[in-house]
Amino acid sequence: MTHSSATADAFRQEVRDWLEENCPQSQRQPAVAADQFWGGRSGSFPSEDARLWYERMRDKGWVAPEWPREYGGAALDAQQARIIKQEMKRINARTPLYGLGLWMLGPALLEYGNTSQKEQHLPAIVKAETRWAQGYSEPGAGSDLASLQCRAEEHDDHFLVNGSKIWTTAADRCDWIFCLVRTSTEGKKQEGISFLLIDMHSPGVSTTPIELISGESEFCQTFFDNVKVPRENLVGELNKGWSVAKALLVHERKLMAEIGSDSPRKVVSPREAAEQYLQKDDTGKLTNTELRSQLADYDMQMHAIGLTHMRCFEERQAGVRSPAPLVMKYLGTEAEKTKSELLLKIMGSRGLGWEGDSFTDEELDTLRLWAMSKAMTIAGGSSEIQLNVIAKSVLELPQE
Amino acid sequence: MTHSSATADAFRQEVRDWLEENCPQSQRQPAVAADQFWGGRSGSFPSEDARLWYERMRDKGWVAPEWPREYGGAALDAQQARIIKQEMKRINARTPLYGLGLWMLGPALLEYGNTSQKEQHLPAIVKAETRWAQGYSEPGAGSDLASLQCRAEEHDDHFLVNGSKIWTTAADRCDWIFCLVRTSTEGKKQEGISFLLIDMHSPGVSTTPIELISGESEFCQTFFDNVKVPRENLVGELNKGWSVAKALLVHERKLMAEIGSDSPRKVVSPREAAEQYLQKDDTGKLTNTELRSQLADYDMQMHAIGLTHMRCFEERQAGVRSPAPLVMKYLGTEAEKTKSELLLKIMGSRGLGWEGDSFTDEELDTLRLWAMSKAMTIAGGSSEIQLNVIAKSVLELPQE
Amino acid sequence: MPLVLNEEQRLLRDTSREFLQRSAPVAALRALRDERNSLGYQADLWAEMAEMGWACVTLPEAYGGLDFGFLGLGCVLEETGRTLTASPLFASAVLGSNTILFAGTESQKEHYLPRIATGELTVALALDESHHHAPADTGCTAQCNDEHAVISGRKVFVADGHSAELLLVVAEDQYGLGIYAIPENTPGLLRERTVMVDSRNAANLTLNAVTVPLSQRLGGTEDCAAALEQALDRGRLALSAEMLGLVEEVFERTVAYLKEREQFGALIGSFQALQHRAAQLQAEIELCRSVVMQGLSAIDDAPEQVPLTASLAKARLNDLAEWATNEAVQMHGGIGVTDELEIGFFLKRARVSMQMLGDTAFHRDRYATLSGY
Amino acid sequence: MPLVLNEEQRLLRDTSREFLQRSAPVAALRALRDERNSLGYQADLWAEMAEMGWACVTLPEAYGGLDFGFLGLGCVLEETGRTLTASPLFASAVLGSNTILFAGTESQKEHYLPRIATGELTVALALDESHHHAPADTGCTAQCNDEHAVISGRKVFVADGHSAELLLVVAEDQYGLGIYAIPENTPGLLRERTVMVDSRNAANLTLNAVTVPLSQRLGGTEDCAAALEQALDRGRLALSAEMLGLVEEVFERTVAYLKEREQFGALIGSFQALQHRAAQLQAEIELCRSVVMQGLSAIDDAPEQVPLTASLAKARLNDLAEWATNEAVQMHGGIGVTDELEIGFFLKRARVSMQMLGDTAFHRDRYATLSGY
């Protein structure tokens with residue numbers, strides 16, 4: 001699996017050349033929400049260049065570089081995939097296709113799905129034909145995923161699903177949803193849960209949007225009212241959906257931990273904001289010593305987190321186990337909150353605008369992202385859950 | 001019980017005049033350890049003025065101003081006692097007599113003791129004939145006072161005590177010790193505990209000193225080996241010592257919360273240290289902006305704590321209940337730790353001396369007090385216990 | 001100097017609480033927001049509040065006030081903090097009226113204060129010119145001759161600046177620092193309402209050679225710098241009282257939620273980590289209550305302590321408001337970030353209050369300077 | 001740039017751990033303290049350490065070194081941090097030897113370095129003159145003529161300054177910043193050993209017109225300021241590695257205690273509040289491990305990153321060492337403050353390390369300055 005660094009260098013050069021040739025100039029700058037392509041039957045390309053770029057990447061297999069070729073991937077290894085990511089980042093190349101199908105369901109199906117499930121869904125994801133939603137959380141369940149109530153009753157060749165899921169991102173624009181449902185109430189709470197793929201166009205499925213403190217959101221609540229789901233849409237074993245879910249959660253946490261570096265909106269950094277909103281003395285130092293100190297603290301924290309991401313990667317490559325990956329979600333999302341509060345402090349009253357022409361787009365975005373950042377330490381395993389996990393798995397502290 | 005402010009003002013003037021006349025000049029400056037008079041059979045006056053000052057206060061009844069006259073007090077109310085304290089503080093008058101008998105056992109005996117116990121012990125405390133130690137903690141029991149093991153077996157007219165107590169301050173110089181002992185193992189852990197007064201000169205009592213991270217200490221471990229204690233030395237009911245202990249703990253926590261203002265060594269304040277060890281620019285600001293900010297934080301914290309002490313007092317006077325008294329031990333002891341760490345930061349390498357002529361006494365004292373401060377959030381109900389208590393008693397959060 | 005409320009003050013607190021919870025709960029602010037109300041507060045509610053005397057609690061009786069003291073006013077403000085009530089109370093009846101009280105001539109006071117006291121006239125103080133509170137940096141200027149002043153410059157983050165009928169504009173002039181009382185529709189005065197995150201109101205002002213009679217300058221030809229500072233400190237303490245109410249309300253709601261919400265088969269309030277965090281907040285709330293009460297009492301009884309205590313109060317309430325609202329969202333979990341729950345309103349108002357009249361950096365620095373280091 | 005150890009480095013770490021735990025555990029430091037050892041370290045232990053090559057891990061082979069890289073040296077230092085081992089390793093073989101390496105002429109390097117590499121010669125850097133690290137403020141002066149330099153001034157907090165055979169004294173001179181190699185018994189050089197809280201060694205020096213041949217000035221007549229800064233950064237990273245070991249050890253002991261200590265009928269490690277505090281420490285330890293490894297790797301592979309990373313490492317390790325040792329005492333409860341337990345030794349060493357070569361205030365300021373703000 002490992003490559004000599006010469007091979008890696010050669011591959012990097014190859015990637016660099018190909019990107020230089022194939023990535024349109026317009027696709028070499030950070031993408032705000034309107035520039036993103038999420039696919040699916042209701043999705044459309046934000047621009048002709050975006051279509052070109054996506055199609056070239058798809059044809060190259062680099063939309064999902066680590067997936068097998070028969071499912072639309074390029075069968076590359078982790079180091080090669082990382083090199084592609086790095087080289088794309090180097091020229092600010094946009095992500096050609098966004099989606100939970102690509103990031104979360106795909107890896108889970110590769111591990112737990114049967115052949116016909118893989119054949120049905122993976123190529124459709126890469127071809128941007130289907131957009132997926134995630135149906136984990138339920139109203140009132142919060143961090144306690146195992147306590148979920150949405151039921152799927154077994155019938156001959158299908159399940160009958162009743163209940164609802166919350167935080168189903170963009171469910172009103174998705175084609176399919178992968179769900180955790182309760183198929184048995186016996187045994188421990190984690191048992192009796194199954195992992196089901198549900199066509200959003202099935203009769204009985206409906207969605208309503210949720211408004212957040214940051215304003216209108218992509219989040220929905222999705223309701224299931226006697227929805228018939230064919231038996232072949234069960235992934236993994238019946239009542240054993242928990243293991244599929246856990247594998248997926250790892251991907252989600254990774255996603256959340258990296259979200260700062262991959263945010264859908266153009267985000268100003270605290271350091272840039274300081275240049276713009278604070279004053280310097282004639283030696284080049286910020287005159288507001290309190291904010292200077294807080295800025296240095298934040299930069300040091302992000303510097304340390306960045307180095308730890310690199311260490312995690314190198315350890316994975318070297319087959320070394322360490323506790324580092326288990327602390328990243330906690331650190332990354334907390335840092336994101338710190339950053340947002342710091343930005344508001346640096347911008348002062350200019351960072352407090354909700355809407356209107358009195359504020360720049362960047363200022364309004366900063367405020368909305370500040371509000372959004374509050375969700376980061378809650379969603380995808382709250383900070384409290386992360387700390388519980390560290391205490392249990394890393395420190396092996398006694399459980400009550 | 002309340003006085004009109006005119007009466008209070010008159011009393012204040014009276015106190016001021018009396019102190020002016022009776023407090024020797026040498027007793028009007030902060031007392032370091034060597035200046036303190038703790039009484040007891042092995043105690044001696046640090047100076048002739050100290051003797052004079054103590055005797056005058058004793059004769060006035062102001063060594064224990066709130067105690068009844070027949071036990072050596074002056075039968076004053078809380079406001080009057082406070083006025084005396086304030087006026088003494090105003091001229092830096094030293095505490096004429098130190099001791100756990102005065103501060104802790106006395107109030108408990110007044111509430112729980114029988115007449116003969118009060119007659120035997122209270123005047124002896126005021127007259128400085130007996131010095132008391134406290135026997136609560138046991139090796140291995142920590143914050144969990146109720147789990148104590150030191151046993152007192154009931155016999156006809158006496159108890160037979162076996163076990164040991166730790167953190168028995170200056171036990172090697174004390175005449176008596178008040179102890180919590182286990183007299184029954186039935187029922188809940190808090191039940192079956194009794195409150196016993198033990199003469200340290202009884203056969204079978206021995207003590208060894210404990211060395212702390214701050215160096216040699218006054219703390220001892222005290223051992224009881226078949227010690228005979230007369231039955232009349234039981235305070236309160238048999239197996240009901242817990243309520244006496246709880247009442248005493250309240251006094252101890254108050255003591256710990258106030259300890260910063262009544263420390264036995266001369267302590268430099270962070271602000272004074274900053275004047276001495278840090279530089280100022282030509283506008284009078286400290287040039288080390290980080291330490292300036294930390295100093296302001298600390299001063300603000302102490303300012304707020306001081307105001308809250310005043311509020312607690314006023315609320316008590318007005319008969320208003322509030323959660324404030326319950327948070328003071330936690331805040332006071334944590335602030336003491338913060339202060340010590342801040343002092344070390346301000347003094348830099350000069351605050352790191354352990355002994356020798358390279359450092360001033362003040363510097364060495366600061367370091368030793370820094371080490372001592374670590375015990376403050378542990379002894380007398382740890383910070384964790386304090387937070388548990390706030391969660392339970394103030395917030396009424398559910399217990400597991 | 002009292003740190004406990006007396007009976008009249010408790011009564012005032014209880015009646016204001018009852019009135020506000022009934023007539024102006026958080027839902028009222030939500031309604032103002034959702035209907036994009038152009039005034040930014042309910043005029044009839046403000047009339048009722050003024051009717052009850054809230055706009056003149058601390059004013060001397062000579063100007064139609066109740067002379068009831070700042071500890072009393074604090075009781076009302078704390079309650080408006082609990083309900084996040086939008087009204088001219090703070091901007092007009094506290095900040096504006098105290099500016100006139102300190103800086104105005106006797107005849108100016110007699111002219112304006114009684115009308116502010118009845119709620120009939122609303123005023124706003126236009127001070128800041130950049131995104132950080134910096135009362136010492138005034139770029140706005142006034143050119144005076146014997147009869148007129150011509151004022152030019154720009155003001156930002158003027159609380160209630162879009163709705164106030166009279167604007168008190170701070171400007172450098174030949175006498176030092178001047179404060180000019182400028183009626184809302186004076187030619188050359190442009191007001192741009194800013195829609196803020198807390199759904200309350202503020203405005204940016206542009207003054208293009210606004211010309212007013214010199215008699216509109218507060219205090220005649222006196223330098224108003226010291227008067228302004230005194231008014232600001234009263235404003236800071238009043239705002240701190242409002243923030244204390246905000247914190248207490250959001251904290252009480254959070255503690256209540258900890259007692260009803262189940263996770264992993266237990267009430268989340270039984271988890272020790274959350275208990276300790278809540279207890280630490282309680283401890284800080286106790287400190288802040290003492291600080292606010294002391295500051296308000298000092299206005300009445302010990303003016304020399306006001307500057308230090310005002311900075312102490314504002315700095316600590318800033319930090320507490322950030323901490324308490326963040327914990328409120330976090331402890332409420334997923335529903336804490338939905339707009340349906342009212343927690344977000346507290347979170348947002350906290351951020352605006354934190355910037356108004358000085359953030360923590362400003363006040364910690366000021367505290368240090370006032371302390372001589 | 002590697003952030004994982006390779007096999008040789010792991011081997012070095014394991015053998016140093018085994019050696020130190022056996023030959024120089026914390027009990028050895030206690031013994032040195034209790035017997036008031038005048039040297040401050042065990043000479044025979046130091047001989048063994050040097051024998052194993054620890055004094056020359058990073059030195060170029062040309063000067064008798066192993067050229068094994070700083071990541072390798074970090075493995076050893078981390079282990080000495082775990083055992084709090086007192087030895088000239090840091091002061092002489094890291095700080096002193098790198099000062100000569102950067103500032104010395106070729107002949108000076110050839111003269112001194114091989115002897116430091118074998119442990120035969122011990123050196124100490126005498127830099128600070130006040131109680132806070134301030135390498136830019138040198139009051140010590142040297143008057144040079146063609147043959148001699150006359151050095152006067154005062155130095156404080158010189159690690160191992162009382163025992164080193166050669167002192168590297170920083171002084172202002174006509175060439176800029178000079179560093180003078182002064183043998184221990186040179187007339188006019190007074191050394192006063194200071195007994196520090198960590199039971200390790202330091203000294204204050206007084207130089208009364210100490211006269212040495214100009215050839216003792218490192219680097220001939222070059223300004224040594226840049227060389228000194230490079231040596232200091234290596235020292236800061238090496239010290240950070242030692243502090244990381246200290247933190248890991250004290251944290252492991254604390255976690256072990258949480259698993260064995262009962263209170264209220266439960267293991268205290270099962271209390272969620274303590275679990276979360278321990279987990280937060282673990283997270284910070286992970287960050288610090290990355291920072292230290294990156295800094296050490298950068299010395300070997302990316303020197304341009306060294307200044308920023310050195311300040312990052314020292315600032316964070318300072319804060320972590322304070323936090324971790326305070327939590328260790330608190331979580332151990334009453335026995336944590338007794339001298340019998342070894343926790344206090346970690347607490348005390350942490351405070352000295354925190355001041356050495358720059359406290360957090362110094363390095364956060366430097367980080368900001370290096371970052372351009």
# chains A, B, ... in the order shown; residues from 1 in each chain; ligands from 1

$ residues_around --residues "D:Ser152" --least-positions-apart "2" --cutoff "7 Å" --atoms "only C-alpha atoms" --output "PyMOL selection string"
chain D and resi 140-142+150+207-210

$ interface_residues --of "chain A" --to "chain C" --cutoff "7 Å" --atoms "only C-alpha atoms" --output "list in words"
Gly142, Asp144, Glu211, Leu212, Ile213, Glu290, Met347, Gly348, Ser349, Arg350, Leu352, Gly353, Trp354, Glu355, Gly356, Ser358, Ala375 and Ile378 of chain A

$ write_last_selection --atoms "N, CA, C and O atoms" --output "tab-separated table (two decimals), in the first residue's frame"
chain	number	residue	atom	x	y	z
A	142	GLY	N	-31.62	13.67	20.45
A	142	GLY	CA	-30.34	14.34	20.68
A	142	GLY	C	-29.14	13.45	20.46
A	142	GLY	O	-29.06	12.74	19.47
A	144	ASP	N	-28.36	10.92	22.04
A	144	ASP	CA	-28.62	9.53	22.41
A	144	ASP	C	-29.23	8.80	21.23
A	144	ASP	O	-30.41	8.45	21.22
A	211	GLU	N	-36.20	26.45	10.65
A	211	GLU	CA	-35.46	27.71	10.71
A	211	GLU	C	-34.52	27.69	11.90
A	211	GLU	O	-34.89	27.29	13.00
A	212	LEU	N	-33.30	28.14	11.66
A	212	LEU	CA	-32.28	28.12	12.72
A	212	LEU	C	-31.99	29.52	13.24
A	212	LEU	O	-32.44	30.50	12.66
A	213	ILE	N	-31.19	29.58	14.29
A	213	ILE	CA	-30.81	30.88	14.82
A	213	ILE	C	-29.97	31.67	13.81
A	213	ILE	O	-29.85	32.87	13.90
A	290	GLU	N	-5.40	43.29	23.99
A	290	GLU	CA	-6.25	42.18	24.39
A	290	GLU	C	-6.60	41.32	23.17
A	290	GLU	O	-6.49	40.10	23.19
A	347	MET	N	-14.52	42.53	14.81
A	347	MET	CA	-15.34	43.39	13.94
A	347	MET	C	-16.18	44.39	14.73
A	347	MET	O	-16.70	45.35	14.16
A	348	GLY	N	-16.32	44.15	16.03
A	348	GLY	CA	-17.10	45.08	16.84
A	348	GLY	C	-18.52	45.20	16.32
A	348	GLY	O	-19.11	44.20	15.89
A	349	SER	N	-19.05	46.40	16.29
A	349	SER	CA	-20.45	46.55	15.89
A	349	SER	C	-20.67	46.20	14.42
A	349	SER	O	-21.78	45.89	14.02
A	350	ARG	N	-19.61	46.19	13.62
A	350	ARG	CA	-19.79	45.81	12.22
A	350	ARG	C	-20.04	44.32	12.06
A	350	ARG	O	-20.50	43.86	11.01
A	352	LEU	N	-22.18	42.70	13.85
A	352	LEU	CA	-23.46	42.40	14.49
A	352	LEU	C	-24.65	42.65	13.58
A	352	LEU	O	-25.79	42.68	14.03
A	353	GLY	N	-24.38	42.79	12.27
A	353	GLY	CA	-25.48	43.06	11.35
A	353	GLY	C	-26.20	41.78	10.93
A	353	GLY	O	-25.56	40.76	10.67
A	354	TRP	N	-27.51	41.89	10.84
A	354	TRP	CA	-28.30	40.71	10.46
A	354	TRP	C	-28.62	40.72	8.97
A	354	TRP	O	-28.56	39.70	8.30
A	355	GLU	N	-28.95	41.90	8.44
A	355	GLU	CA	-29.21	42.00	7.01
A	355	GLU	C	-29.17	43.46	6.60
A	355	GLU	O	-29.05	44.35	7.45
A	356	GLY	N	-29.25	43.72	5.33
A	356	GLY	CA	-29.32	45.10	4.86
A	356	GLY	C	-28.00	45.61	4.32
A	356	GLY	O	-26.95	45.00	4.51
A	358	SER	N	-26.27	48.19	5.13
A	358	SER	CA	-25.33	48.87	6.02
A	358	SER	C	-24.10	48.01	6.29
A	358	SER	O	-23.12	48.48	6.85
A	375	ALA	N	-23.89	25.18	16.35
A	375	ALA	CA	-24.38	23.81	16.11
A	375	ALA	C	-23.24	22.81	16.01
A	375	ALA	O	-23.45	21.60	16.18
A	378	ILE	N	-22.59	20.45	18.73
A	378	ILE	CA	-23.76	19.67	19.11
A	378	ILE	C	-23.97	18.54	18.11
A	378	ILE	O	-24.15	17.39	18.49

$ interface_residues --of "chain B" --to "chain A" --cutoff "12 Å" --atoms "only C-alpha atoms" --output "ChimeraX atom specification"
/B:286-294,296-297,400

$ write_last_selection --atoms "C-alpha atoms" --output "mmCIF file, in the first residue's frame"
data_model
loop_
_atom_site.group_PDB
_atom_site.id
_atom_site.type_symbol
_atom_site.label_atom_id
_atom_site.label_comp_id
_atom_site.auth_asym_id
_atom_site.auth_seq_id
_atom_site.Cartn_x
_atom_site.Cartn_y
_atom_site.Cartn_z
ATOM 1 C CA LEU B 286 2.646 48.161 32.674
ATOM 2 C CA THR B 287 4.594 47.316 29.539
ATOM 3 C CA ASN B 288 3.913 43.593 29.842
ATOM 4 C CA THR B 289 0.408 43.723 28.418
ATOM 5 C CA GLU B 290 -0.277 40.045 29.081
ATOM 6 C CA LEU B 291 0.481 40.307 32.775
ATOM 7 C CA ARG B 292 -1.292 43.643 32.978
ATOM 8 C CA SER B 293 -4.404 42.003 31.642
ATOM 9 C CA GLN B 294 -4.083 39.059 34.020
ATOM 10 C CA ALA B 296 -6.662 43.385 36.049
ATOM 11 C CA ASP B 297 -8.586 40.120 35.795
ATOM 12 C CA GLU B 400 -28.066 10.143 40.221
#

$ residues_around --residues "D:Gln272" --least-positions-apart "2" --cutoff "9 Å" --atoms "only C-alpha atoms" --output "ChimeraX atom specification"
/A:388,391,399-400 /C:271-274 /D:268-270,274-277

$ select_by_dssp --residues "stretch 52-145 of chain D" --states "alpha helix (DSSP H)" --output "JSON, numbers by chain"
{"D": [70, 71, 72, 73, 74, 75, 76, 77, 78, 79, 80, 81, 82, 83, 97, 98, 99, 100, 101, 102, 103, 106, 107, 108, 109, 110, 111, 112, 113, 114, 115, 116, 117]}

$ residues_around --residues "stretch 94-96 of chain C" --least-positions-apart "6" --cutoff "8 Å" --atoms "only C-alpha atoms" --output "tab-separated table (two decimals) with N, CA and C atoms, in the first residue's frame"
chain	number	residue	atom	x	y	z
C	55	ALA	N	-39.81	55.84	32.94
C	55	ALA	CA	-38.88	56.71	32.22
C	55	ALA	C	-38.30	57.80	33.13
C	123	VAL	N	-34.95	60.46	23.03
C	123	VAL	CA	-33.65	60.96	22.58
C	123	VAL	C	-32.69	59.80	22.43
C	124	ALA	N	-31.59	60.04	21.70
C	124	ALA	CA	-30.56	59.00	21.53
C	124	ALA	C	-29.21	59.68	21.53
C	125	LEU	N	-28.24	59.03	22.12
C	125	LEU	CA	-26.88	59.57	22.18
C	125	LEU	C	-26.07	59.03	21.01
C	168	LEU	N	-28.50	63.43	20.38
C	168	LEU	CA	-27.44	64.12	21.10
C	168	LEU	C	-26.12	63.73	20.45
C	231	ALA	N	-22.23	60.31	32.28
C	231	ALA	CA	-23.45	59.73	31.70
C	231	ALA	C	-23.18	58.34	31.16
C	232	LEU	N	-22.01	58.16	30.54
C	232	LEU	CA	-21.67	56.85	29.98
C	232	LEU	C	-21.58	55.80	31.08
C	234	ARG	N	-23.13	55.74	33.90
C	234	ARG	CA	-24.49	55.37	34.31
C	234	ARG	C	-25.11	54.42	33.28
C	235	GLY	N	-24.85	54.74	32.01
C	235	GLY	CA	-25.35	53.87	30.95
C	235	GLY	C	-24.77	52.47	31.05
C	238	ALA	N	-26.38	50.65	33.90
C	238	ALA	CA	-27.77	50.31	33.57
C	238	ALA	C	-27.80	49.13	32.59

$ select_by_dssp --residues "stretch 126-282 of chain D" --states "strand (DSSP E or B)" --output "VMD selection string"
chain D and resid 126 141 to 144 148 to 159 166 to 173 176 to 183 189 to 196 201 to 213 217 262 to 263 266 to 267

$ residues_around --residues "B:Val268" --least-positions-apart "6" --cutoff "12 Å" --atoms "only C-alpha atoms" --output "PyMOL selection string"
chain B and resi 30+260-261+274-277+339-340+342-344+346-347+351+361-367+369-370

$ residues_around --residues "stretch 173-178 of chain C" --least-positions-apart "3" --cutoff "12 Å" --atoms "only C-alpha atoms" --output "PyMOL selection string"
chain C and resi 99-100+103-104+126-127+135-146+149-152+168-170+181+214-229

$ write_last_selection --atoms "N, CA and C atoms" --output "short mmCIF file (atom, residue, chain, number, x, y, z; two decimals), in the first residue's frame"
data_model
loop_
_atom_site.label_atom_id
_atom_site.label_comp_id
_atom_site.auth_asym_id
_atom_site.auth_seq_id
_atom_site.Cartn_x
_atom_site.Cartn_y
_atom_site.Cartn_z
N THR C 99 -27.30 62.18 29.97
CA THR C 99 -26.38 63.06 29.25
C THR C 99 -26.82 64.52 29.41
N ILE C 100 -28.12 64.75 29.24
CA ILE C 100 -28.63 66.11 29.41
C ILE C 100 -28.50 66.56 30.86
N ALA C 103 -24.71 67.34 31.31
CA ALA C 103 -24.07 68.31 30.42
C ALA C 103 -24.90 69.56 30.21
N GLY C 104 -26.21 69.47 30.41
CA GLY C 104 -27.09 70.58 30.05
C GLY C 104 -27.04 71.76 31.00
N ALA C 126 -25.55 59.93 20.18
CA ALA C 126 -24.74 59.52 19.02
C ALA C 126 -23.28 59.81 19.34
N LEU C 127 -22.56 58.74 19.66
CA LEU C 127 -21.19 58.92 20.15
C LEU C 127 -20.17 58.21 19.26
N PRO C 135 -14.74 56.43 23.24
CA PRO C 135 -15.28 57.76 23.50
C PRO C 135 -14.23 58.86 23.40
N ALA C 136 -12.95 58.51 23.50
CA ALA C 136 -11.92 59.53 23.44
C ALA C 136 -11.60 59.95 22.01
N ASP C 137 -12.04 59.16 21.04
CA ASP C 137 -11.70 59.46 19.65
C ASP C 137 -12.91 60.03 18.92
N THR C 138 -12.99 61.33 18.84
CA THR C 138 -14.11 61.94 18.13
C THR C 138 -13.60 62.62 16.87
N GLY C 139 -14.13 62.20 15.74
CA GLY C 139 -13.73 62.80 14.48
C GLY C 139 -14.75 63.82 14.01
N CYS C 140 -15.94 63.70 14.53
CA CYS C 140 -17.04 64.60 14.20
C CYS C 140 -16.69 66.00 14.72
N THR C 141 -16.93 67.02 13.92
CA THR C 141 -16.54 68.37 14.35
C THR C 141 -17.71 69.34 14.28
N ALA C 142 -17.61 70.38 15.10
CA ALA C 142 -18.60 71.46 15.05
C ALA C 142 -17.86 72.78 14.94
N GLN C 143 -18.24 73.57 13.97
CA GLN C 143 -17.69 74.92 13.82
C GLN C 143 -18.71 75.88 14.42
N CYS C 144 -18.28 76.59 15.45
CA CYS C 144 -19.23 77.47 16.13
C CYS C 144 -18.92 78.94 15.86
N ASN C 145 -19.96 79.73 15.69
CA ASN C 145 -19.79 81.17 15.83
C ASN C 145 -20.72 81.60 16.97
N ASP C 146 -20.95 82.86 17.11
CA ASP C 146 -21.71 83.29 18.28
C ASP C 146 -23.14 82.80 18.27
N ALA C 149 -23.87 76.58 15.26
CA ALA C 149 -22.85 75.54 15.16
C ALA C 149 -23.15 74.75 13.89
N VAL C 150 -22.08 74.41 13.16
CA VAL C 150 -22.23 73.60 11.94
C VAL C 150 -21.50 72.28 12.18
N ILE C 151 -22.27 71.21 12.18
CA ILE C 151 -21.72 69.92 12.61
C ILE C 151 -21.59 68.98 11.42
N SER C 152 -20.42 68.35 11.31
CA SER C 152 -20.19 67.40 10.22
C SER C 152 -19.50 66.17 10.75
N LEU C 168 -28.50 63.43 20.38
CA LEU C 168 -27.44 64.12 21.10
C LEU C 168 -26.12 63.73 20.45
N VAL C 169 -25.60 64.64 19.65
CA VAL C 169 -24.43 64.29 18.83
C VAL C 169 -23.17 64.86 19.46
N VAL C 170 -22.19 63.98 19.66
CA VAL C 170 -20.92 64.39 20.26
C VAL C 170 -19.98 64.85 19.16
N ALA C 181 -27.77 68.97 20.68
CA ALA C 181 -29.11 68.40 20.63
C ALA C 181 -29.73 68.75 19.27
N LEU C 214 -26.58 77.87 18.46
CA LEU C 214 -25.61 77.51 19.48
C LEU C 214 -26.29 77.12 20.79
N SER C 215 -27.51 77.60 20.95
CA SER C 215 -28.25 77.24 22.17
C SER C 215 -28.54 75.75 22.24
N GLN C 216 -28.37 75.04 21.13
CA GLN C 216 -28.58 73.59 21.14
C GLN C 216 -27.35 72.86 21.66
N ARG C 217 -26.27 73.59 21.87
CA ARG C 217 -25.09 72.94 22.45
C ARG C 217 -25.34 72.78 23.95
N LEU C 218 -25.22 71.59 24.46
CA LEU C 218 -25.47 71.35 25.88
C LEU C 218 -24.40 72.06 26.71
N GLY C 219 -24.87 72.71 27.77
CA GLY C 219 -23.92 73.33 28.70
C GLY C 219 -23.32 74.62 28.24
N GLY C 220 -23.93 75.25 27.26
CA GLY C 220 -23.39 76.51 26.80
C GLY C 220 -22.03 76.32 26.16
N THR C 221 -21.01 76.94 26.70
CA THR C 221 -19.68 76.78 26.11
C THR C 221 -18.74 75.98 27.00
N GLU C 222 -19.32 75.17 27.84
CA GLU C 222 -18.50 74.29 28.70
C GLU C 222 -17.98 73.10 27.90
N ASP C 223 -16.81 72.60 28.30
CA ASP C 223 -16.34 71.32 27.76
C ASP C 223 -17.19 70.20 28.38
N CYS C 224 -17.75 69.37 27.55
CA CYS C 224 -18.68 68.34 28.05
C CYS C 224 -18.01 66.99 28.31
N ALA C 225 -16.69 66.90 28.18
CA ALA C 225 -16.04 65.58 28.25
C ALA C 225 -16.34 64.87 29.57
N ALA C 226 -16.20 65.58 30.69
CA ALA C 226 -16.41 64.93 31.99
C ALA C 226 -17.87 64.54 32.16
N ALA C 227 -18.77 65.41 31.72
CA ALA C 227 -20.19 65.11 31.83
C ALA C 227 -20.55 63.87 31.02
N LEU C 228 -19.97 63.79 29.83
CA LEU C 228 -20.25 62.63 28.98
C LEU C 228 -19.80 61.34 29.66
N GLU C 229 -18.61 61.38 30.24
CA GLU C 229 -18.07 60.20 30.90
C GLU C 229 -18.98 59.75 32.04
#

$ residues_around --residues "A:His158" --least-positions-apart "2" --cutoff "12 Å" --atoms "only C-alpha atoms" --output "ChimeraX atom specification"
/A:152-156,160-161,196-198,226-234

$ atom_distance --atom1 "atom CA of D:Ala298" --atom2 "atom CA of D:Leu113"
22.6 Å

$ atom_distance --atom1 "atom CA of A:Ala245" --atom2 "atom CA of A:Lys189"
13.8 Å
